[in-house]
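Novice: My structure is in structure.cif, and what it holds is mmCIF, N, CA, C and O atoms:
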data_structure
loop_
_atom_site.group_PDB
_atom_site.id
_atom_site.type_symbol
_atom_site.label_atom_id
_atom_site.label_comp_id
_atom_site.auth_asym_id
_atom_site.auth_seq_id
_atom_site.Cartn_x
_atom_site.Cartn_y
_atom_site.Cartn_z
ATOM 1 N N MET A 150 -16.330 15.424 1.234
ATOM 2 C CA MET A 150 -15.719 14.551 2.228
ATOM 3 C C MET A 150 -15.006 13.397 1.514
ATOM 4 O O MET A 150 -14.901 13.368 0.313
ATOM 5 N N THR A 151 -14.584 12.419 2.278
ATOM 6 C CA THR A 151 -13.837 11.316 1.678
ATOM 7 C C THR A 151 -14.740 10.429 0.830
ATOM 8 O O THR A 151 -15.907 10.229 1.143
ATOM 9 N N LYS A 152 -14.187 9.928 -0.245
ATOM 10 C CA LYS A 152 -14.924 9.043 -1.139
ATOM 11 C C LYS A 152 -14.527 7.595 -0.939
ATOM 12 O O LYS A 152 -15.265 6.688 -1.287
ATOM 13 N N LEU A 153 -13.346 7.370 -0.374
ATOM 14 C CA LEU A 153 -12.794 6.029 -0.264
ATOM 15 C C LEU A 153 -12.662 5.572 1.186
ATOM 16 O O LEU A 153 -12.952 4.428 1.506
ATOM 17 N N LEU A 154 -12.243 6.473 2.039
ATOM 18 C CA LEU A 154 -11.964 6.121 3.432
ATOM 19 C C LEU A 154 -13.211 6.231 4.302
ATOM 20 O O LEU A 154 -14.101 7.041 4.043
ATOM 21 N N VAL A 155 -13.230 5.422 5.350
ATOM 22 C CA VAL A 155 -14.333 5.464 6.297
ATOM 23 C C VAL A 155 -14.366 6.827 7.000
ATOM 24 O O VAL A 155 -13.328 7.401 7.334
ATOM 25 N N SER A 156 -15.563 7.359 7.156
ATOM 26 C CA SER A 156 -15.769 8.627 7.853
ATOM 27 C C SER A 156 -17.222 8.680 8.285
ATOM 28 O O SER A 156 -18.007 7.783 7.969
ATOM 29 N N GLU A 157 -17.583 9.741 8.985
ATOM 30 C CA GLU A 157 -18.993 9.879 9.378
ATOM 31 C C GLU A 157 -19.886 9.933 8.150
ATOM 32 O O GLU A 157 -20.969 9.351 8.131
ATOM 33 N N ALA A 158 -19.424 10.622 7.121
ATOM 34 C CA ALA A 158 -20.205 10.738 5.886
ATOM 35 C C ALA A 158 -20.123 9.473 5.033
ATOM 36 O O ALA A 158 -20.956 9.268 4.153
ATOM 37 N N ASN A 159 -19.125 8.638 5.286
ATOM 38 C CA ASN A 159 -18.922 7.417 4.502
ATOM 39 C C ASN A 159 -18.638 6.244 5.442
ATOM 40 O O ASN A 159 -17.523 5.716 5.479
ATOM 41 N N PRO A 160 -19.619 5.812 6.213
ATOM 42 C CA PRO A 160 -19.380 4.762 7.212
ATOM 43 C C PRO A 160 -19.012 3.412 6.612
ATOM 44 O O PRO A 160 -18.463 2.566 7.306
ATOM 45 N N ASN A 161 -19.293 3.201 5.348
ATOM 46 C CA ASN A 161 -18.960 1.934 4.702
ATOM 47 C C ASN A 161 -17.640 1.992 3.951
ATOM 48 O O ASN A 161 -17.313 1.072 3.193
ATOM 49 N N GLY A 162 -16.889 3.062 4.157
ATOM 50 C CA GLY A 162 -15.605 3.199 3.482
ATOM 51 C C GLY A 162 -14.564 2.258 4.064
ATOM 52 O O GLY A 162 -14.815 1.492 4.991
ATOM 53 N N TYR A 163 -13.384 2.321 3.480
ATOM 54 C CA TYR A 163 -12.262 1.483 3.904
ATOM 55 C C TYR A 163 -11.418 2.195 4.950
ATOM 56 O O TYR A 163 -11.326 3.420 4.968
ATOM 57 N N THR A 164 -10.747 1.406 5.778
ATOM 58 C CA THR A 164 -9.748 1.989 6.657
ATOM 59 C C THR A 164 -8.505 2.292 5.828
ATOM 60 O O THR A 164 -8.302 1.715 4.755
ATOM 61 N N THR A 165 -7.691 3.183 6.340
ATOM 62 C CA THR A 165 -6.463 3.535 5.630
ATOM 63 C C THR A 165 -5.583 2.310 5.426
ATOM 64 O O THR A 165 -5.045 2.095 4.338
ATOM 65 N N GLU A 166 -5.470 1.477 6.462
ATOM 66 C CA GLU A 166 -4.614 0.301 6.342
ATOM 67 C C GLU A 166 -5.145 -0.686 5.305
ATOM 68 O O GLU A 166 -4.377 -1.366 4.625
ATOM 69 N N LYS A 167 -6.457 -0.759 5.140
ATOM 70 C CA LYS A 167 -7.035 -1.636 4.125
ATOM 71 C C LYS A 167 -6.669 -1.142 2.726
ATOM 72 O O LYS A 167 -6.256 -1.931 1.866
ATOM 73 N N VAL A 168 -6.798 0.160 2.488
ATOM 74 C CA VAL A 168 -6.455 0.726 1.180
ATOM 75 C C VAL A 168 -4.972 0.515 0.884
ATOM 76 O O VAL A 168 -4.595 0.088 -0.212
ATOM 77 N N LEU A 169 -4.131 0.790 1.866
ATOM 78 C CA LEU A 169 -2.690 0.608 1.667
ATOM 79 C C LEU A 169 -2.362 -0.859 1.411
ATOM 80 O O LEU A 169 -1.491 -1.177 0.588
ATOM 81 N N GLY A 170 -3.042 -1.765 2.091
ATOM 82 C CA GLY A 170 -2.826 -3.195 1.873
ATOM 83 C C GLY A 170 -3.233 -3.630 0.466
ATOM 84 O O GLY A 170 -2.557 -4.450 -0.153
ATOM 85 N N LEU A 171 -4.323 -3.074 -0.033
ATOM 86 C CA LEU A 171 -4.751 -3.386 -1.403
ATOM 87 C C LEU A 171 -3.733 -2.877 -2.416
ATOM 88 O O LEU A 171 -3.409 -3.569 -3.393
ATOM 89 N N ILE A 172 -3.222 -1.687 -2.192
ATOM 90 C CA ILE A 172 -2.195 -1.136 -3.084
ATOM 91 C C ILE A 172 -0.946 -2.010 -3.039
ATOM 92 O O ILE A 172 -0.358 -2.329 -4.075
ATOM 93 N N ARG A 173 -0.560 -2.420 -1.842
ATOM 94 C CA ARG A 173 0.618 -3.281 -1.699
ATOM 95 C C ARG A 173 0.438 -4.586 -2.477
ATOM 96 O O ARG A 173 1.343 -5.029 -3.187
ATOM 97 N N ALA A 174 -0.738 -5.193 -2.372
ATOM 98 C CA ALA A 174 -1.001 -6.437 -3.092
ATOM 99 C C ALA A 174 -0.921 -6.228 -4.604
ATOM 100 O O ALA A 174 -0.388 -7.083 -5.330
ATOM 101 N N ASP A 175 -1.428 -5.108 -5.089
ATOM 102 C CA ASP A 175 -1.352 -4.811 -6.520
ATOM 103 C C ASP A 175 0.097 -4.656 -6.980
ATOM 104 O O ASP A 175 0.468 -5.144 -8.051
ATOM 105 N N ILE A 176 0.894 -3.979 -6.181
ATOM 106 C CA ILE A 176 2.297 -3.783 -6.555
ATOM 107 C C ILE A 176 3.023 -5.126 -6.592
ATOM 108 O O ILE A 176 3.794 -5.400 -7.514
ATOM 109 N N ILE A 177 2.763 -5.977 -5.614
ATOM 110 C CA ILE A 177 3.399 -7.299 -5.584
ATOM 111 C C ILE A 177 3.009 -8.105 -6.821
ATOM 112 O O ILE A 177 3.862 -8.728 -7.463
ATOM 113 N N ALA A 178 1.735 -8.081 -7.182
ATOM 114 C CA ALA A 178 1.283 -8.816 -8.371
ATOM 115 C C ALA A 178 1.969 -8.287 -9.625
ATOM 116 O O ALA A 178 2.401 -9.067 -10.485
ATOM 117 N N ARG A 179 2.097 -6.986 -9.738
ATOM 118 C CA ARG A 179 2.742 -6.407 -10.913
ATOM 119 C C ARG A 179 4.229 -6.743 -10.938
ATOM 120 O O ARG A 179 4.804 -7.002 -11.988
ATOM 121 N N MET A 180 4.862 -6.752 -9.765
ATOM 122 C CA MET A 180 6.284 -7.088 -9.695
ATOM 123 C C MET A 180 6.526 -8.519 -10.166
ATOM 124 O O MET A 180 7.508 -8.784 -10.854
ATOM 125 N N GLN A 181 5.661 -9.435 -9.794
ATOM 126 C CA GLN A 181 5.818 -10.824 -10.208
ATOM 127 C C GLN A 181 5.747 -10.949 -11.721
ATOM 128 O O GLN A 181 6.465 -11.744 -12.317
ATOM 129 N N LYS A 182 4.913 -10.142 -12.325
ATOM 130 C CA LYS A 182 4.749 -10.184 -13.770
ATOM 131 C C LYS A 182 6.029 -9.752 -14.489
ATOM 132 O O LYS A 182 6.338 -10.237 -15.564
ATOM 133 N N HIS A 183 6.802 -8.850 -13.876
ATOM 134 C CA HIS A 183 7.988 -8.296 -14.518
ATOM 135 C C HIS A 183 9.304 -8.789 -13.915
ATOM 136 O O HIS A 183 10.372 -8.331 -14.302
ATOM 137 N N ALA A 184 9.223 -9.727 -12.987
ATOM 138 C CA ALA A 184 10.414 -10.164 -12.259
ATOM 139 C C ALA A 184 11.492 -10.754 -13.163
ATOM 140 O O ALA A 184 12.676 -10.617 -12.896
ATOM 141 N N GLY A 185 11.109 -11.396 -14.257
ATOM 142 C CA GLY A 185 12.087 -12.014 -15.140
ATOM 143 C C GLY A 185 12.601 -11.120 -16.254
ATOM 144 O O GLY A 185 13.415 -11.559 -17.069
ATOM 145 N N ASP A 186 12.172 -9.895 -16.281
ATOM 146 C CA ASP A 186 12.589 -8.962 -17.335
ATOM 147 C C ASP A 186 14.044 -8.559 -17.099
ATOM 148 O O ASP A 186 14.374 -7.995 -16.066
ATOM 149 N N PRO A 187 14.945 -8.858 -18.044
ATOM 150 C CA PRO A 187 16.375 -8.586 -17.827
ATOM 151 C C PRO A 187 16.800 -7.137 -18.094
ATOM 152 O O PRO A 187 17.941 -6.784 -17.818
ATOM 153 N N ARG A 188 15.899 -6.313 -18.588
ATOM 154 C CA ARG A 188 16.282 -4.940 -18.924
ATOM 155 C C ARG A 188 16.657 -4.137 -17.681
ATOM 156 O O ARG A 188 16.104 -4.336 -16.595
ATOM 157 N N LYS A 189 17.600 -3.235 -17.866
ATOM 158 C CA LYS A 189 18.048 -2.355 -16.788
ATOM 159 C C LYS A 189 16.879 -1.550 -16.220
ATOM 160 O O LYS A 189 16.756 -1.380 -15.004
ATOM 161 N N GLU A 190 16.021 -1.077 -17.100
ATOM 162 C CA GLU A 190 14.872 -0.274 -16.664
ATOM 163 C C GLU A 190 13.928 -1.090 -15.782
ATOM 164 O O GLU A 190 13.402 -0.583 -14.786
ATOM 165 N N ALA A 191 13.736 -2.346 -16.147
ATOM 166 C CA ALA A 191 12.861 -3.208 -15.356
ATOM 167 C C ALA A 191 13.452 -3.452 -13.980
ATOM 168 O O ALA A 191 12.726 -3.455 -12.975
ATOM 169 N N ARG A 192 14.762 -3.653 -13.926
ATOM 170 C CA ARG A 192 15.415 -3.837 -12.614
ATOM 171 C C ARG A 192 15.256 -2.597 -11.755
ATOM 172 O O ARG A 192 15.021 -2.693 -10.548
ATOM 173 N N GLN A 193 15.370 -1.424 -12.359
ATOM 174 C CA GLN A 193 15.209 -0.176 -11.603
ATOM 175 C C GLN A 193 13.787 -0.045 -11.059
ATOM 176 O O GLN A 193 13.585 0.346 -9.917
ATOM 177 N N VAL A 194 12.825 -0.400 -11.895
ATOM 178 C CA VAL A 194 11.426 -0.347 -11.454
ATOM 179 C C VAL A 194 11.201 -1.326 -10.305
ATOM 180 O O VAL A 194 10.549 -0.988 -9.313
ATOM 181 N N LEU A 195 11.743 -2.528 -10.407
ATOM 182 C CA LEU A 195 11.606 -3.501 -9.321
ATOM 183 C C LEU A 195 12.262 -2.993 -8.047
ATOM 184 O O LEU A 195 11.694 -3.121 -6.950
ATOM 185 N N ASP A 196 13.451 -2.405 -8.167
ATOM 186 C CA ASP A 196 14.122 -1.843 -6.992
ATOM 187 C C ASP A 196 13.280 -0.739 -6.361
ATOM 188 O O ASP A 196 13.142 -0.669 -5.138
ATOM 189 N N ASN A 197 12.712 0.120 -7.208
ATOM 190 C CA ASN A 197 11.850 1.196 -6.695
ATOM 191 C C ASN A 197 10.627 0.613 -5.994
ATOM 192 O O ASN A 197 10.235 1.092 -4.917
ATOM 193 N N ASN A 198 10.037 -0.413 -6.598
ATOM 194 C CA ASN A 198 8.853 -1.012 -5.995
ATOM 195 C C ASN A 198 9.158 -1.684 -4.669
ATOM 196 O O ASN A 198 8.331 -1.665 -3.751
ATOM 197 N N ILE A 199 10.336 -2.270 -4.550
ATOM 198 C CA ILE A 199 10.728 -2.861 -3.269
ATOM 199 C C ILE A 199 10.772 -1.781 -2.191
ATOM 200 O O ILE A 199 10.280 -1.966 -1.074
ATOM 201 N N ARG A 200 11.319 -0.631 -2.530
ATOM 202 C CA ARG A 200 11.366 0.485 -1.568
ATOM 203 C C ARG A 200 9.957 0.986 -1.245
ATOM 204 O O ARG A 200 9.631 1.253 -0.097
ATOM 205 N N ILE A 201 9.109 1.072 -2.271
ATOM 206 C CA ILE A 201 7.722 1.498 -2.046
ATOM 207 C C ILE A 201 7.020 0.522 -1.108
ATOM 208 O O ILE A 201 6.283 0.935 -0.199
ATOM 209 N N LEU A 202 7.268 -0.782 -1.297
ATOM 210 C CA LEU A 202 6.655 -1.784 -0.422
ATOM 211 C C LEU A 202 7.120 -1.615 1.022
ATOM 212 O O LEU A 202 6.328 -1.773 1.955
ATOM 213 N N GLN A 203 8.381 -1.299 1.212
ATOM 214 C CA GLN A 203 8.888 -1.054 2.564
ATOM 215 C C GLN A 203 8.156 0.137 3.192
ATOM 216 O O GLN A 203 7.729 0.072 4.352
ATOM 217 N N LEU A 204 8.015 1.206 2.432
ATOM 218 C CA LEU A 204 7.336 2.394 2.942
ATOM 219 C C LEU A 204 5.854 2.118 3.206
ATOM 220 O O LEU A 204 5.300 2.591 4.209
ATOM 221 N N LEU A 205 5.225 1.351 2.325
ATOM 222 C CA LEU A 205 3.828 0.984 2.557
ATOM 223 C C LEU A 205 3.682 0.169 3.839
ATOM 224 O O LEU A 205 2.726 0.353 4.589
ATOM 225 N N GLY A 206 4.618 -0.734 4.069
ATOM 226 C CA GLY A 206 4.589 -1.513 5.306
ATOM 227 C C GLY A 206 4.647 -0.613 6.533
ATOM 228 O O GLY A 206 3.898 -0.796 7.490
ATOM 229 N N GLU A 207 5.522 0.382 6.495
ATOM 230 C CA GLU A 207 5.615 1.332 7.598
ATOM 231 C C GLU A 207 4.320 2.131 7.745
ATOM 232 O O GLU A 207 3.834 2.357 8.853
ATOM 233 N N ALA A 208 3.752 2.532 6.612
ATOM 234 C CA ALA A 208 2.509 3.306 6.636
ATOM 235 C C ALA A 208 1.357 2.467 7.186
ATOM 236 O O ALA A 208 0.507 2.979 7.928
ATOM 237 N N ILE A 209 1.320 1.186 6.846
ATOM 238 C CA ILE A 209 0.260 0.314 7.343
ATOM 239 C C ILE A 209 0.350 0.189 8.861
ATOM 240 O O ILE A 209 -0.666 0.242 9.559
ATOM 241 N N VAL A 210 1.548 0.034 9.389
ATOM 242 C CA VAL A 210 1.730 -0.057 10.841
ATOM 243 C C VAL A 210 1.213 1.211 11.521
ATOM 244 O O VAL A 210 0.505 1.148 12.532
ATOM 245 N N LEU A 211 1.535 2.366 10.955
ATOM 246 C CA LEU A 211 1.057 3.630 11.517
ATOM 247 C C LEU A 211 -0.465 3.754 11.423
ATOM 248 O O LEU A 211 -1.124 4.193 12.373
ATOM 249 N N ALA A 212 -1.021 3.351 10.298
ATOM 250 C CA ALA A 212 -2.470 3.430 10.121
ATOM 251 C C ALA A 212 -3.191 2.494 11.094
ATOM 252 O O ALA A 212 -4.240 2.853 11.649
ATOM 253 N N GLU A 213 -2.622 1.309 11.314
ATOM 254 C CA GLU A 213 -3.217 0.390 12.290
ATOM 255 C C GLU A 213 -3.178 0.979 13.690
ATOM 256 O O GLU A 213 -4.136 0.851 14.452
ATOM 257 N N ALA A 214 -2.090 1.656 14.019
ATOM 258 C CA ALA A 214 -1.992 2.323 15.323
ATOM 259 C C ALA A 214 -3.059 3.407 15.443
ATOM 260 O O ALA A 214 -3.678 3.566 16.503
ATOM 261 N N ASN A 215 -3.282 4.152 14.363
ATOM 262 C CA ASN A 215 -4.323 5.179 14.380
ATOM 263 C C ASN A 215 -5.696 4.560 14.625
ATOM 264 O O ASN A 215 -6.485 5.079 15.425
ATOM 265 N N THR A 216 -5.977 3.465 13.967
ATOM 266 C CA THR A 216 -7.270 2.799 14.136
ATOM 267 C C THR A 216 -7.441 2.320 15.577
ATOM 268 O O THR A 216 -8.507 2.514 16.170
ATOM 269 N N ARG A 217 -6.396 1.736 16.132
ATOM 270 C CA ARG A 217 -6.466 1.283 17.526
ATOM 271 C C ARG A 217 -6.717 2.465 18.452
ATOM 272 O O ARG A 217 -7.509 2.365 19.399
ATOM 273 N N THR A 218 -6.056 3.580 18.207
ATOM 274 C CA THR A 218 -6.231 4.767 19.041
ATOM 275 C C THR A 218 -7.661 5.288 18.956
ATOM 276 O O THR A 218 -8.287 5.604 19.969
ATOM 277 N N LEU A 219 -8.172 5.374 17.741
ATOM 278 C CA LEU A 219 -9.517 5.919 17.550
ATOM 279 C C LEU A 219 -10.619 4.995 18.043
ATOM 280 O O LEU A 219 -11.703 5.458 18.400
ATOM 281 N N THR A 220 -10.359 3.710 18.071
ATOM 282 C CA THR A 220 -11.369 2.761 18.540
ATOM 283 C C THR A 220 -11.201 2.431 20.025
ATOM 284 O O THR A 220 -11.959 1.624 20.565
ATOM 285 N N GLY A 221 -10.204 3.043 20.650
ATOM 286 C CA GLY A 221 -9.988 2.813 22.079
ATOM 287 C C GLY A 221 -9.277 1.521 22.401
ATOM 288 O O GLY A 221 -9.242 1.100 23.544
ATOM 289 N N GLU A 222 -8.691 0.885 21.400
ATOM 290 C CA GLU A 222 -7.986 -0.375 21.628
ATOM 291 C C GLU A 222 -6.499 -0.171 21.906
ATOM 292 O O GLU A 222 -5.803 -1.127 22.183
ATOM 293 N N GLY A 223 -6.020 1.045 21.750
ATOM 294 C CA GLY A 223 -4.580 1.250 21.858
ATOM 295 C C GLY A 223 -4.151 2.096 22.925
ATOM 296 O O GLY A 223 -4.142 2.471 23.924
#
Would you kindly transcribe this structure into structure tokens?

Specialist:
Amino acid sequence: MTKLLVSEANPNGYTTEKVLGLIRADIIARMQKHAGDPRKEARQVLDNNIRILQLLGEAIVLAEANTRTLTGEG
């Protein structure tokens, strides 16, 4: 069964939106570390990470909707 996400077998696990939020925070922290790097490769990585952050934001919204649905709040 799941090792990270909350489930019947893992009631103390994380919600999907919590895991995605933690990943998003890690990416933001890493981006700040490399924000001043003038290399072309670094700019490409930052651009890619910006897109990943956008997608994570969309995924978090969907995961929150799932949680609301499953808990009867939505």

Novice: Do you know which residues are at most 12 Å from Arg217 of chain A counting only C-alpha atoms, after dropping those on the same chain fewer than 6 positions away, and could you put them as a list in words?

Specialist: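 Counting only C-alpha atoms, the residues come to Thr164, Glu166, Val210, Leu211 and Gly223 of chain A.
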
Novice: Can you pull out every residue within 8 Å of segment 189-205 of chain A, counting only N, CA, C and O atoms, but drop anything in the same chain fewer than 5 positions away, and send it as number ranges by chain?

Specialist: A: 165-166, 169-170, 172-173, 176-177, 180, 183-184, 210-212

Novice: Between atom CA of Asn161 of chain A and atom CA of Gly206 of chain A, measure the distance and give it in Å to one decimal.

Specialist: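 Those two atoms sit 23.8 Å apart.
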
Novice: Report the residues of chain A whose backbone DSSP state falls under alpha helix (DSSP H), written as a PyMOL selection string.

Specialist: chain A and resi 165-183+189-220

Novice: Name the closest residue to Glu213 of chain A among the candidates A:Ala174, A:Gly185, A:Ala158, A:Lys167; distances are taken between atoms, counting only N, CA, C and O atoms.

Specialist: A:Lys167

Novice: Calculate how many Å separate atom CA of Asn159 of chain A from atom CA of Ala178 of chain A, rounding to one decimal.

Specialist: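 Taking atom CA of Asn159 of chain A as the start and atom CA of Ala178 of chain A as the end point, the length is 28.9 Å.
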
Novice: Report the distance between atom N of Thr216 of chain A and atom CA of Leu154 of chain A in Å, rounded to one decimal place.

Specialist: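 Going from atom N of Thr216 of chain A over to atom CA of Leu154 of chain A covers 12.4 Å.
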